[in-house]
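Novice: Structure incoming, see below.
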Amino acid sequence: MAPLLEINNLQTHIQLRQGVVRAVDGVSIHVEPGETLGVVGESGCGKTMTALSIMGLLPTGGSIVGGSIKMSGREISALDAGDMRKIRGDEIGMIFQDPLTSLNPTMTVGKQIAEAVLLHREVTHAQAMDRAVEVLDLVGLPQARERVGEYPHQFSGGMRQRVMIAMALACEPKLLIADEPTTALDVTIQKQILELIDDLRQRLGMSVILVTHDLGVIAGRADRVVVMYAGKIAETTDTGSLFSNPRHPYSEALFHALPEKAAENRERLYSIPGIPPDLTNPPAGCRFAPRCRYVTDRCREEQPPLAGEEPGHLFACFHPVGEAEHGRTGTVSAHMPEQAPGPAPSQADGAGEVLLSVENLVKNFPVTKGVVLQRRVGWVSAVADISFSIRRGATLGLVGESGCGKTTIGRLVVGLDKPTSGSINFAGKDLAKSSGRQYRRERQDIQLMFQDAYASLDPRMRAGTVLREPLAVQRIGSRSEQQRRVGELLDQVGLPRSAAERYPHEFSGGQRQRLGFARALILSPQLIVADEPVSALDVSIQAQILNLMRDLQRELGLTYLFISHDLAVVRYLSSHIGVMYLGKLVEVGLADEVYLRPAHPYTRGLIDSAPVPDPETELAKVKAGIVGELPSAINPPSGCRFRTRCPLAEEICAEVEPPLRSFPGTGHLAACHFPLQSPMQTETITAAEVAGP
Amino acid sequence: MIGYLIRRILQAILVTFFVSVITLLLVHLFPGGPIRALLGPRANATEVAYYNHLYGYNKPIYVQYIKYVGQLLHGNLGYSVKLNQTVTSEIASDLPKTVVLVFLGTAVSLIFGIPLGVYQAVKRYTVTDYVLTGVSFLGYATPTFFFALLLVEWFAVDTHLFPAFAPQGTTIGAVLSDPQALVLPVIAYAFLLYALWSRYMRSSVMDNLVQDYVRTARAKGASERRVLWVHVFRNSLISIVTLLGLSLPTLVAGAIFIEVVFNYPGMGLAFFQAAQNVDLQTLLGFTLLGTAATIIGNLLADVGYAVLDPRVRYS
């Protein structure tokens with residue numbers, strides 16, 4: 001069969017003031033009818049620009065300067081604007097990463113979908129509207145007919161992405177391009193959306209190009225994969241071969257940088273050194289050469305061609321890794337995991353005194369109405385009676401969907417918010433009771449690390465000033481002592497001393513997170529609350545930060561409260577895991593016990609939802625996951641808050657709130673009436689016992 | 001929305017009350033008291049005392065205030081001794097004329113400012129854009145009275161195309177019967193506003209053109225014209241509506257500089273003269289009316305906001 005889409009030697013340039021960015025440099029891709037092609041790579045690798053080149057939607061300054069794009073045998077890269085418009089939305093549909101900003105906020109979803117139909121079909125407004133209802137129904141929007149007149153902000157994130165898909169599919173395109181369609185969504189919703197795309201692909205017989213940075217997403221969904229690096233294809237093959245036998249050192253490095261792979265034995269993550277090249281002036285030879293561990297002189301001078309032993313498995317490398325398909329032998333993978341020197345202190349359970357203990361913590365935010373009088377009409381129950389403790393040197397990872405209250409806990413511990421009730425004991429003192437100077441002094445010992453390092457740094461302050469500020473606020477040391485401390489810390493987090501003179505925008509994303517880490521460390525705190533510190537980073541950079549956090553934990557005896565939505569990252573870094581759902585701690589225990597033998601159905605569902613970069617595992621768990629969406633925290637469900645989405649829920653779940661009960665293992669607790677394994681004893685655990693296992 | 005409106009109106013009444021207290025107190029801040037200010041330095045103590053007694057300025061301030069509010073509730077804004085007429089009748093004759101001037105000026109500025117702002121955004125960083133930007137900056141930078149005088153010089157003195165004075169009739173009918181004379185005041189008034197609208201519209205459209213939803217519309221196959229007028233335009237208007245609401249008080253307060261330069265008998269000119277003549281009752285009445293207009297303008301801006309932007313829902 002002829003390919004549906006055939007891209008040959010595509011070259012897309014973006015003209016900037018500083019020069020020309022060779023965003024896509026000689027990319028050849030083909031998509032067969034009915035298949036899903038995964039395009040994977042880190043930010044800036046050209047995957048999105050390739051997708052936008054197909055659509056003819058390049059940003060200002062962008063243009064296709066060479067190569068061809070053929071859709072069903074017809075050249076579309078050189079079509080005029082009018083002809084291209086006929087293809088967009090009709091033959092090729094596209095969905096984007098952020099469904100909120102990608103929908104027009106002032107237009108009803110029905111009109112936005114109907115618009116696509118009206119543009120391409122000879123229909124009346126009423127017919128177009130009927131079609132909108134039809135496709136909304138198709139993408140699984142409940143009560144499509146009633147909701148068609150609503151605006152995007154009235155939908156949840158997952159439902160908005162369904163609306164986006166409905167819009168892209170309104171004219172039944174032959175090709176759907178999904179550019180990071182689930183990156184902005186929770187894992188449970190991500191799974192639902194990916195399943196929907198898969199299901200629609202089969203039902204409508206279309207092809208899908210799935211663009212993502214997430215190898216886990218690719219694993220279960222794509223038939224073939226293209227790995228891109230710095231505007232070029234590094235490797236392309238069927239999904240199974242890529243995961244079982246990656247041949248390009250970059251593909252291999254990506255796999256080794258994944259925390260999923262290393263979580264079991266907690267070996268050090270392989271982190272690709274350096275950052276991707278500047279595409280205004282790419283290196284002469286192989287673009288990966290400066291970061292490659294197998295690099296030779298030939299790599300630096302000559303560009304390796306995209307070739308391979310089997311026609312279906314191509315890679316651009318002179319020194320391929322993995323097993324040769326036949327004939328030549330590949331370089332034997334030199335991946336020697338650096339073992340962590342002895343068990344990290346975090347794994348030594350039972351040792352060390354309790355550093356932080358949180359008891360019956362409650363935080364309600366008022367919901368107010370009115371501008372002047374601000375009448376309170378309800379409460380958002382953000383944190384509802386939570387108790388946990390962390391021993392010195394340990395790491396408690398808090399996981400849960402967005403809106404589960406994990407960030408609020410972080411804010412309460414750091415003291416950015418006051419608890420409604422309950423106590424936070426730090427090193428034996430109740431933090432809620434101290435005030436004034438004492439309060440400020442105690443704050444030194446608990447520091448916060450943010451998700452968005454760039455936004456959390458004052459853009460007009462040099463890095464050195466940023467780092468020195470906490471010392472100045474706390475009046476520690478003379479100016480020269482402070483400067484010496486800044487220097488030491490830059491060494492510790494792996495930044496050059498000269499970095500102190502630079503402004504935040506002069507750093508790369510990973511360097512900024514190092515800077516954020518250094519700022520959290522400058523006061524020599526005992527506890528660091530890290531709120532999603534790596535979720536904005538590419539996987540290779542993420543590995544660098546995770547390694548750094550582990551190294552310094554061991555070196556400085558730090559204790560972490562690590563907040564993340566990413567179960568794999570949490571499992572890799574944490575000694576203990578706490579699973580939160582809608583303000584409640586539903587399960588807590590040693591990381592491996594919670595991960596490998598979850599007692600709560602929600603934990604099980606979260607684990608099943610998280611995409612694993614292993615095609616076999618992914619394909620095996622097709623029907624697992626969690627249905628529905630997180631209910632509102634304003635009037636949370638009675639009894640067990642998870643019961644509305646729980647497959648095991650019975651009447652009692654609505655009536656009685658399940659208490660935390662002990663399960664086999666060290667301090668393994670879960671709150672469920674129908675746990676997935678039998679609890680150790682029938683009596684329930686009181687909050688006080690939970691606090692000091 | 002209804003509940004929200006009721007609350008906002010109650011709030012408006014409260015604000016008006018506070019302003020009425022403040023304005024009344026301001027009257028007593030004149031050195032030597034309001035009557036001394038009215039009669040001038042040559043009046044003797046007996047005369048001052050007499051008029052203080054006559055107008056009740058010698059009574060305790062709360063008594064004066066109760067009397068004042070009592071009058072207000074009867075629609076009585078006071079009596080201007082200088083003009084020998086009630087403030088209400090003054091407003092009745094001046095307000096329609098000002099409304100005509102300000103309304104026409106605003107309309108003209110919007111008719112040119114909004115489309116040209118959109119045009120500039122589409123043609124951003126081209127020669128046309130730069131030229132129009134220059135015109136806008138000129139509009140910002142030129143003092144209104146100076147621009148008005150230039151118009152008079154060019155179109156009245158040099159070319160005799162339009163009269164140098166605004167229509168002088170006392171009634172609204174007389175003003176409207178001489179449309180030629182309205183041209184220069186309206187243009188003079190519209191210029192600054194034009195600069196404002198076109199600049200805001202340009203940046204607003206430019207902000208919206210790079211939004212993700214615009215890319216989505218293009219991905220659907222929408223034409224650039226459709227993207228602009230169906231998707232971007234309405235989103236861009238949201239920020240303009242606030243400004244428009246906030247400009248409403250000038251409908252009542254008048255365009256002082258324009259009215260003075262063209263000797264246009266509106267609220268602005270009356271206010272200007274009242275200030276020169278220490279016509280306290282007129283100043284007081286006009287200030288109160290301006291307050292009311294400001295509050296209503298804000299309210300209308302919020303309502304317009306909710307109409308244009310479904311995300312803003314007042315409950």
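We label chains A, B, ... in the order they appear in the structure tokens, count residues from 1 in each chain, and number ligands from 1 in the order shown.
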Write out as a PyMOL selection string which residues come within 7 Å of A:Ile29 when counting only C-alpha atoms, dropping same-chain ones fewer than 3 positions away.
Specialist: chain A and resi 6-8
Novice: Mind the document's chain letters and residue numbers, and return as a PyMOL selection string the residues of stretch 452-615 of chain A that DSSP labels alpha helix (DSSP H).
Specialist: chain A and resi 463-473+479-492+509-521+539-556+567-573+591-596+601-609+615
Novice: Excluding B:Phe233 and residues on its chain fewer than 3 positions from it, collect all residues at most 9 Å away from it, counting only C-alpha atoms, and give them as a ChimeraX atom specification.
Specialist: /B:118,205,208,227-230,236-237
Novice: Contacts of A:Glu506 at 12 Å or less, counting only C-alpha atoms, minus same-chain residues fewer than 6 places along, as a CSV table (one decimal) with C-alpha atoms, in the first residue's frame?
Specialist:
```csv
chain,number,residue,atom,x,y,z
A,454,TYR,CA,12.8,30.3,36.0
A,457,LEU,CA,14.0,33.5,40.2
A,459,PRO,CA,14.9,38.1,36.5
A,460,ARG,CA,16.7,41.3,37.5
A,461,MET,CA,18.9,39.7,40.1
A,462,ARG,CA,22.2,38.0,39.4
A,463,ALA,CA,22.5,34.4,40.5
A,498,SER,CA,31.4,32.5,37.3
A,499,ALA,CA,27.7,31.7,37.3
A,500,ALA,CA,27.2,34.1,40.3
A,512,ARG,CA,18.3,27.0,36.6
A,515,LEU,CA,20.4,27.3,41.0
```
Novice: What are the closest atom pairs, with distances in Å to one decimal, for all residues of chain A lying within 6 Å of chain B? Consider only C-alpha atoms, order rows by chain and residue number, and present the result as a Markdown table.
Specialist:
```
| residue | atom | partner | partner_atom | distance |
| --- | --- | --- | --- | --- |
| A:Arg85 | CA | B:Gly221 | CA | 4.4 |
| A:Arg88 | CA | B:Gly221 | CA | 4.7 |
| A:Gly89 | CA | B:Lys220 | CA | 4.0 |
| A:Thr101 | CA | B:Asp212 | CA | 5.5 |
| A:Ser102 | CA | B:Tyr213 | CA | 4.0 |
| A:Leu103 | CA | B:Tyr213 | CA | 4.8 |
| A:Asn104 | CA | B:Tyr213 | CA | 5.2 |
| A:Thr106 | CA | B:Asp309 | CA | 5.6 |
| A:Ala116 | CA | B:Lys220 | CA | 5.4 |
```
Novice: Take the residues just selected and output them with all heavy atoms as a compact mmCIF listing (two decimals), in the first residue's frame.
Specialist:
```txt
# COMPACT_ATOMS: atom_id res chain seq x y z
N ARG A 85 -5.43 25.49 3.17
CA ARG A 85 -6.55 25.58 4.12
C ARG A 85 -7.54 24.46 3.90
O ARG A 85 -8.17 24.00 4.84
CB ARG A 85 -7.25 26.93 3.98
CG ARG A 85 -6.59 28.05 4.73
CD ARG A 85 -7.59 29.13 5.02
NE ARG A 85 -8.12 29.76 3.83
CZ ARG A 85 -7.51 30.75 3.19
NH1 ARG A 85 -6.37 31.22 3.63
NH2 ARG A 85 -8.05 31.27 2.10
N ARG A 88 -6.03 21.45 5.73
CA ARG A 88 -6.05 21.56 7.19
C ARG A 88 -7.46 21.39 7.73
O ARG A 88 -8.38 22.06 7.29
CB ARG A 88 -5.55 22.95 7.60
CG ARG A 88 -4.07 23.14 7.53
CD ARG A 88 -3.64 24.25 8.45
NE ARG A 88 -4.03 25.56 7.94
CZ ARG A 88 -3.22 26.34 7.21
NH1 ARG A 88 -2.02 25.92 6.89
NH2 ARG A 88 -3.64 27.52 6.82
N GLY A 89 -7.60 20.53 8.70
CA GLY A 89 -8.91 20.35 9.32
C GLY A 89 -9.80 19.40 8.55
O GLY A 89 -10.81 18.94 9.08
N THR A 101 -5.58 26.74 26.56
CA THR A 101 -5.22 27.88 25.75
C THR A 101 -5.48 27.63 24.26
O THR A 101 -5.54 28.56 23.48
CB THR A 101 -3.73 28.24 25.92
OG1 THR A 101 -2.96 27.10 25.57
CG2 THR A 101 -3.43 28.63 27.35
N SER A 102 -5.64 26.36 23.90
CA SER A 102 -5.84 26.06 22.49
C SER A 102 -7.29 26.20 22.05
O SER A 102 -7.59 26.02 20.88
CB SER A 102 -5.35 24.65 22.18
OG SER A 102 -3.97 24.57 22.40
N LEU A 103 -8.18 26.50 22.99
CA LEU A 103 -9.57 26.73 22.60
C LEU A 103 -9.88 28.21 22.77
O LEU A 103 -9.37 28.86 23.69
CB LEU A 103 -10.50 25.90 23.50
CG LEU A 103 -10.45 24.39 23.27
CD1 LEU A 103 -11.15 23.65 24.40
CD2 LEU A 103 -11.10 24.03 21.94
N ASN A 104 -10.71 28.73 21.89
CA ASN A 104 -11.10 30.14 21.98
C ASN A 104 -11.99 30.32 23.20
O ASN A 104 -13.06 29.72 23.30
CB ASN A 104 -11.84 30.53 20.71
CG ASN A 104 -12.16 32.01 20.67
OD1 ASN A 104 -12.14 32.69 21.70
ND2 ASN A 104 -12.47 32.52 19.50
N THR A 106 -13.87 32.65 24.19
CA THR A 106 -15.11 33.41 24.10
C THR A 106 -16.10 32.78 23.12
O THR A 106 -17.04 33.44 22.69
CB THR A 106 -14.83 34.86 23.66
OG1 THR A 106 -14.22 34.84 22.39
CG2 THR A 106 -13.93 35.56 24.65
N ALA A 116 -15.34 24.03 12.11
CA ALA A 116 -14.51 23.14 11.28
C ALA A 116 -15.36 22.47 10.20
O ALA A 116 -14.92 22.32 9.06
CB ALA A 116 -13.84 22.08 12.16
```
Novice: For A:Gln192, which residue among A:Ile626, A:Leu396, A:Leu648, A:Leu100 is the nearest when counting only C-alpha atoms?
Specialist: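 Among A:Ile626, A:Leu396, A:Leu648, A:Leu100, it is A:Ile626 that comes nearest to A:Gln192.
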Novice: Env of stretch 169-180 of chain A: 8 Å cut, atoms = only C-alpha atoms, seq-sep filter 4 positions within chain, self excluded. Answer as a PyMOL selection string.
Specialist: chain A and resi 33+48+51+89-97+113-114+116-117+120+131-132+135+165+204-213
Novice: With C-alpha atoms retained, could you export that selection as a PDB file, in the first residue's frame?
Specialist:
```pdb
ATOM      1  CA  PRO A  33      -2.707   4.233   6.462  1.00  0.00           C
ATOM      2  CA  THR A  48       6.928  19.879  16.833  1.00  0.00           C
ATOM      3  CA  ALA A  51       4.455  18.452  12.710  1.00  0.00           C
ATOM      4  CA  GLY A  89      -8.910  20.353   9.318  1.00  0.00           C
ATOM      5  CA  ASP A  90     -10.268  18.202   6.510  1.00  0.00           C
ATOM      6  CA  GLU A  91      -7.565  15.755   5.500  1.00  0.00           C
ATOM      7  CA  ILE A  92      -5.227  16.422   8.422  1.00  0.00           C
ATOM      8  CA  GLY A  93      -6.452  17.274  11.915  1.00  0.00           C
ATOM      9  CA  MET A  94      -4.205  18.427  14.707  1.00  0.00           C
ATOM     10  CA  ILE A  95      -4.467  18.593  18.484  1.00  0.00           C
ATOM     11  CA  PHE A  96      -2.151  20.497  20.750  1.00  0.00           C
ATOM     12  CA  GLN A  97      -0.619  20.243  24.169  1.00  0.00           C
ATOM     13  CA  ILE A 113     -16.435  22.382  16.377  1.00  0.00           C
ATOM     14  CA  ALA A 114     -19.179  23.405  13.964  1.00  0.00           C
ATOM     15  CA  ALA A 116     -14.514  23.145  11.277  1.00  0.00           C
ATOM     16  CA  VAL A 117     -17.468  21.439   9.595  1.00  0.00           C
ATOM     17  CA  HIS A 120     -15.057  22.119   4.750  1.00  0.00           C
ATOM     18  CA  ARG A 131     -22.340  17.109  13.676  1.00  0.00           C
ATOM     19  CA  ALA A 132     -20.659  18.855  16.631  1.00  0.00           C
ATOM     20  CA  VAL A 135     -18.460  14.078  17.468  1.00  0.00           C
ATOM     21  CA  ILE A 165     -10.054  15.915  19.576  1.00  0.00           C
ATOM     22  CA  LEU A 204     -12.291   5.819  11.798  1.00  0.00           C
ATOM     23  CA  GLY A 205      -9.423   4.060  10.059  1.00  0.00           C
ATOM     24  CA  MET A 206      -7.124   7.041  10.272  1.00  0.00           C
ATOM     25  CA  SER A 207      -3.399   7.363  10.852  1.00  0.00           C
ATOM     26  CA  VAL A 208      -1.920   9.122  13.864  1.00  0.00           C
ATOM     27  CA  ILE A 209       1.360  10.925  14.355  1.00  0.00           C
ATOM     28  CA  LEU A 210       1.937  11.006  18.090  1.00  0.00           C
ATOM     29  CA  VAL A 211       4.523  13.606  19.010  1.00  0.00           C
ATOM     30  CA  THR A 212       5.778  13.323  22.579  1.00  0.00           C
ATOM     31  CA  HIS A 213       8.774  13.564  24.861  1.00  0.00           C
TER      32      HIS A 213
END
```
Novice: Residues of stretch 20-119 of chain B classed as strand (DSSP E) by DSSP on the backbone are to be reported as JSON, numbers by chain.
Specialist: {"B": [79, 80, 85, 86]}
Novice: For N, CA, C and O atoms, I'd like the residues from the last selection saved as a compact mmCIF listing (two decimals), in the first residue's frame.
Specialist:
```txt
# COMPACT_ATOMS: atom_id res chain seq x y z
N TYR B 79 -28.14 76.07 44.83
CA TYR B 79 -28.47 77.28 44.07
C TYR B 79 -27.20 78.08 43.86
O TYR B 79 -26.46 78.38 44.80
N SER B 80 -26.91 78.39 42.62
CA SER B 80 -25.70 79.15 42.33
C SER B 80 -25.99 80.64 42.46
O SER B 80 -26.77 81.20 41.67
N GLN B 85 -29.13 80.98 39.34
CA GLN B 85 -30.05 79.91 38.92
C GLN B 85 -29.70 78.63 39.67
O GLN B 85 -28.62 78.53 40.25
N THR B 86 -30.62 77.68 39.66
CA THR B 86 -30.33 76.44 40.36
C THR B 86 -29.28 75.65 39.57
O THR B 86 -29.20 75.75 38.34
```
Novice: For stretch 54-70 of chain B, please output as a compact mmCIF listing (two decimals) with N, CA, C and O atoms, in the first residue's frame all residues within 9 Å (counting only C-alpha atoms; exclusion window: fewer than 3 positions along the same chain).
Specialist:
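Final file, result-v8.txt:
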```txt
# COMPACT_ATOMS: atom_id res chain seq x y z
N PHE B 17 -22.46 58.45 48.77
CA PHE B 17 -22.63 59.04 50.09
C PHE B 17 -21.31 59.57 50.64
O PHE B 17 -21.21 60.71 51.07
N SER B 20 -20.23 62.64 48.86
CA SER B 20 -20.99 63.83 49.22
C SER B 20 -20.48 64.41 50.53
O SER B 20 -20.41 65.63 50.70
N VAL B 21 -20.09 63.54 51.46
CA VAL B 21 -19.52 64.03 52.72
C VAL B 21 -18.23 64.78 52.45
O VAL B 21 -18.01 65.91 52.93
N LEU B 24 -18.69 68.20 50.72
CA LEU B 24 -19.22 69.21 51.63
C LEU B 24 -18.12 69.72 52.56
O LEU B 24 -18.01 70.92 52.82
N LEU B 25 -17.28 68.79 53.02
CA LEU B 25 -16.18 69.20 53.91
C LEU B 25 -15.20 70.08 53.16
O LEU B 25 -14.64 71.03 53.71
N HIS B 28 -15.69 73.71 53.29
CA HIS B 28 -15.27 74.39 54.52
C HIS B 28 -13.77 74.52 54.63
O HIS B 28 -13.26 75.11 55.56
N GLY B 33 -13.41 80.22 55.31
CA GLY B 33 -14.74 79.68 55.12
C GLY B 33 -15.31 80.01 53.76
O GLY B 33 -14.77 80.83 53.03
N PRO B 34 -16.40 79.35 53.39
CA PRO B 34 -16.95 79.48 52.05
C PRO B 34 -17.46 80.89 51.73
O PRO B 34 -17.31 81.35 50.60
N ILE B 35 -18.01 81.58 52.69
CA ILE B 35 -18.57 82.89 52.40
C ILE B 35 -17.47 83.91 52.15
O ILE B 35 -17.55 84.74 51.24
N ALA B 49 -20.71 87.34 58.30
CA ALA B 49 -21.57 86.72 59.30
C ALA B 49 -23.00 86.65 58.80
O ALA B 49 -23.70 85.65 58.97
N TYR B 50 -23.44 87.71 58.11
CA TYR B 50 -24.80 87.77 57.60
C TYR B 50 -25.06 86.62 56.62
O TYR B 50 -26.02 85.87 56.72
N TYR B 51 -24.12 86.51 55.65
CA TYR B 51 -24.34 85.46 54.63
C TYR B 51 -24.14 84.05 55.20
O TYR B 51 -24.80 83.10 54.79
N LEU B 73 -31.94 64.60 47.91
CA LEU B 73 -32.98 63.60 47.70
C LEU B 73 -34.19 64.18 46.99
O LEU B 73 -34.96 63.47 46.37
N HIS B 74 -34.34 65.50 47.09
CA HIS B 74 -35.43 66.15 46.35
C HIS B 74 -34.96 66.59 44.96
O HIS B 74 -35.63 67.39 44.31
N GLY B 75 -33.78 66.13 44.57
CA GLY B 75 -33.27 66.50 43.25
C GLY B 75 -32.73 67.91 43.21
O GLY B 75 -32.52 68.49 42.14
N ASN B 76 -32.50 68.48 44.39
CA ASN B 76 -32.01 69.86 44.45
C ASN B 76 -30.51 69.84 44.70
O ASN B 76 -30.05 69.43 45.75
N LEU B 77 -29.72 70.25 43.69
CA LEU B 77 -28.27 70.21 43.83
C LEU B 77 -27.72 71.53 44.37
O LEU B 77 -26.52 71.74 44.42
N GLY B 78 -28.59 72.45 44.73
CA GLY B 78 -28.14 73.72 45.28
C GLY B 78 -28.46 74.88 44.34
O GLY B 78 -28.99 74.70 43.24
```
Novice: Which one is closest to B:Val99: B:Gly254, B:Gly285, B:Gly304, B:Gly290? Count only C-alpha atoms.
Specialist: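 Nearest to B:Val99: B:Gly254.
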Novice: Figure out the distance between atom CA of A:Val217 and atom CA of A:Val529, please, to one decimal in Å.
Specialist: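 That distance, rounded to one decimal, is 28.6 Å.
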Novice: Contacts of B:Thr133 at 10 Å or less, counting only C-alpha atoms, minus same-chain residues fewer than 4 places along, as a list of chain:residue names?
Specialist: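 Once the adjacent positions are removed, what remains is B:Gly117, B:Gln120, B:Tyr125, B:Val127, B:Thr128, B:Asp129, B:Phe137, B:Leu138, B:Gly139, B:Ala195, B:Ser198, B:Arg199, B:Arg202.
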Novice: Please save all heavy atoms of the selected residues as a compact mmCIF listing (two decimals), in the first residue's frame.
Specialist:
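Saved file result_30.txt follows:
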```txt
# COMPACT_ATOMS: atom_id res chain seq x y z
N GLY B 117 -6.27 50.14 14.59
CA GLY B 117 -5.48 49.36 15.54
C GLY B 117 -5.34 47.93 15.06
O GLY B 117 -4.26 47.34 15.08
N GLN B 120 -3.05 47.85 12.06
CA GLN B 120 -1.64 47.95 12.45
C GLN B 120 -1.09 46.64 12.99
O GLN B 120 0.05 46.28 12.73
CB GLN B 120 -1.49 49.03 13.53
CG GLN B 120 -1.39 50.42 12.98
CD GLN B 120 -1.14 51.41 14.09
OE1 GLN B 120 -2.06 51.96 14.66
NE2 GLN B 120 0.13 51.61 14.42
N TYR B 125 5.08 46.05 12.25
CA TYR B 125 6.47 46.27 11.86
C TYR B 125 6.64 46.54 10.37
O TYR B 125 7.66 46.20 9.77
CB TYR B 125 7.36 45.09 12.28
CG TYR B 125 7.15 44.68 13.73
CD1 TYR B 125 6.88 43.37 14.07
CD2 TYR B 125 7.18 45.64 14.74
CE1 TYR B 125 6.66 43.00 15.41
CE2 TYR B 125 6.95 45.29 16.06
CZ TYR B 125 6.70 43.97 16.38
OH TYR B 125 6.48 43.62 17.67
N VAL B 127 6.05 49.72 7.24
CA VAL B 127 6.09 51.18 7.18
C VAL B 127 4.73 51.77 7.60
O VAL B 127 4.67 52.72 8.38
CB VAL B 127 6.48 51.64 5.75
CG1 VAL B 127 6.43 53.16 5.66
CG2 VAL B 127 7.87 51.14 5.40
N THR B 128 3.64 51.19 7.10
CA THR B 128 2.31 51.68 7.45
C THR B 128 2.13 51.70 8.97
O THR B 128 1.61 52.65 9.54
CB THR B 128 1.22 50.75 6.87
OG1 THR B 128 1.77 50.04 5.78
CG2 THR B 128 0.00 51.53 6.49
N ASP B 129 2.55 50.60 9.58
CA ASP B 129 2.41 50.49 11.03
C ASP B 129 3.21 51.59 11.72
O ASP B 129 2.72 52.27 12.62
CB ASP B 129 2.88 49.11 11.48
CG ASP B 129 2.83 48.94 12.99
OD1 ASP B 129 1.92 49.53 13.62
OD2 ASP B 129 3.67 48.20 13.54
N PHE B 137 1.41 58.48 18.59
CA PHE B 137 2.27 59.11 19.59
C PHE B 137 2.10 60.62 19.57
O PHE B 137 2.14 61.27 20.62
CB PHE B 137 3.74 58.73 19.33
CG PHE B 137 4.06 57.33 19.76
CD1 PHE B 137 5.24 56.72 19.39
CD2 PHE B 137 3.17 56.61 20.55
CE1 PHE B 137 5.53 55.42 19.78
CE2 PHE B 137 3.44 55.32 20.96
CZ PHE B 137 4.63 54.72 20.56
N LEU B 138 1.90 61.15 18.37
CA LEU B 138 1.64 62.58 18.27
C LEU B 138 0.37 62.93 19.04
O LEU B 138 0.29 63.92 19.76
CB LEU B 138 1.48 62.95 16.79
CG LEU B 138 1.94 64.34 16.38
CD1 LEU B 138 3.42 64.51 16.67
CD2 LEU B 138 1.66 64.55 14.89
N GLY B 139 -0.65 62.08 18.88
CA GLY B 139 -1.91 62.29 19.58
C GLY B 139 -1.74 62.26 21.09
O GLY B 139 -2.34 63.05 21.81
N ALA B 195 -5.73 57.99 19.51
CA ALA B 195 -4.40 57.46 19.82
C ALA B 195 -4.52 56.34 20.85
O ALA B 195 -3.89 55.28 20.72
CB ALA B 195 -3.51 58.58 20.35
N SER B 198 -6.32 53.08 19.29
CA SER B 198 -5.55 52.37 18.27
C SER B 198 -4.36 51.67 18.90
O SER B 198 -4.01 50.56 18.54
CB SER B 198 -5.11 53.31 17.15
OG SER B 198 -4.16 54.23 17.64
N ARG B 199 -3.73 52.33 19.88
CA ARG B 199 -2.59 51.69 20.54
C ARG B 199 -3.03 50.45 21.30
O ARG B 199 -2.40 49.40 21.22
CB ARG B 199 -1.88 52.65 21.51
CG ARG B 199 -1.13 53.76 20.86
CD ARG B 199 -0.22 53.31 19.77
NE ARG B 199 0.97 52.59 20.21
CZ ARG B 199 1.80 51.97 19.39
NH1 ARG B 199 1.57 51.98 18.10
NH2 ARG B 199 2.86 51.35 19.85
N ARG B 202 -4.09 47.71 18.91
CA ARG B 202 -2.95 47.10 18.23
C ARG B 202 -2.28 46.07 19.14
O ARG B 202 -2.06 44.93 18.74
CB ARG B 202 -1.93 48.19 17.84
CG ARG B 202 -0.67 47.65 17.20
CD ARG B 202 0.29 48.80 16.86
NE ARG B 202 1.50 48.32 16.23
CZ ARG B 202 2.57 47.92 16.90
NH1 ARG B 202 2.57 47.94 18.22
NH2 ARG B 202 3.65 47.51 16.25
```
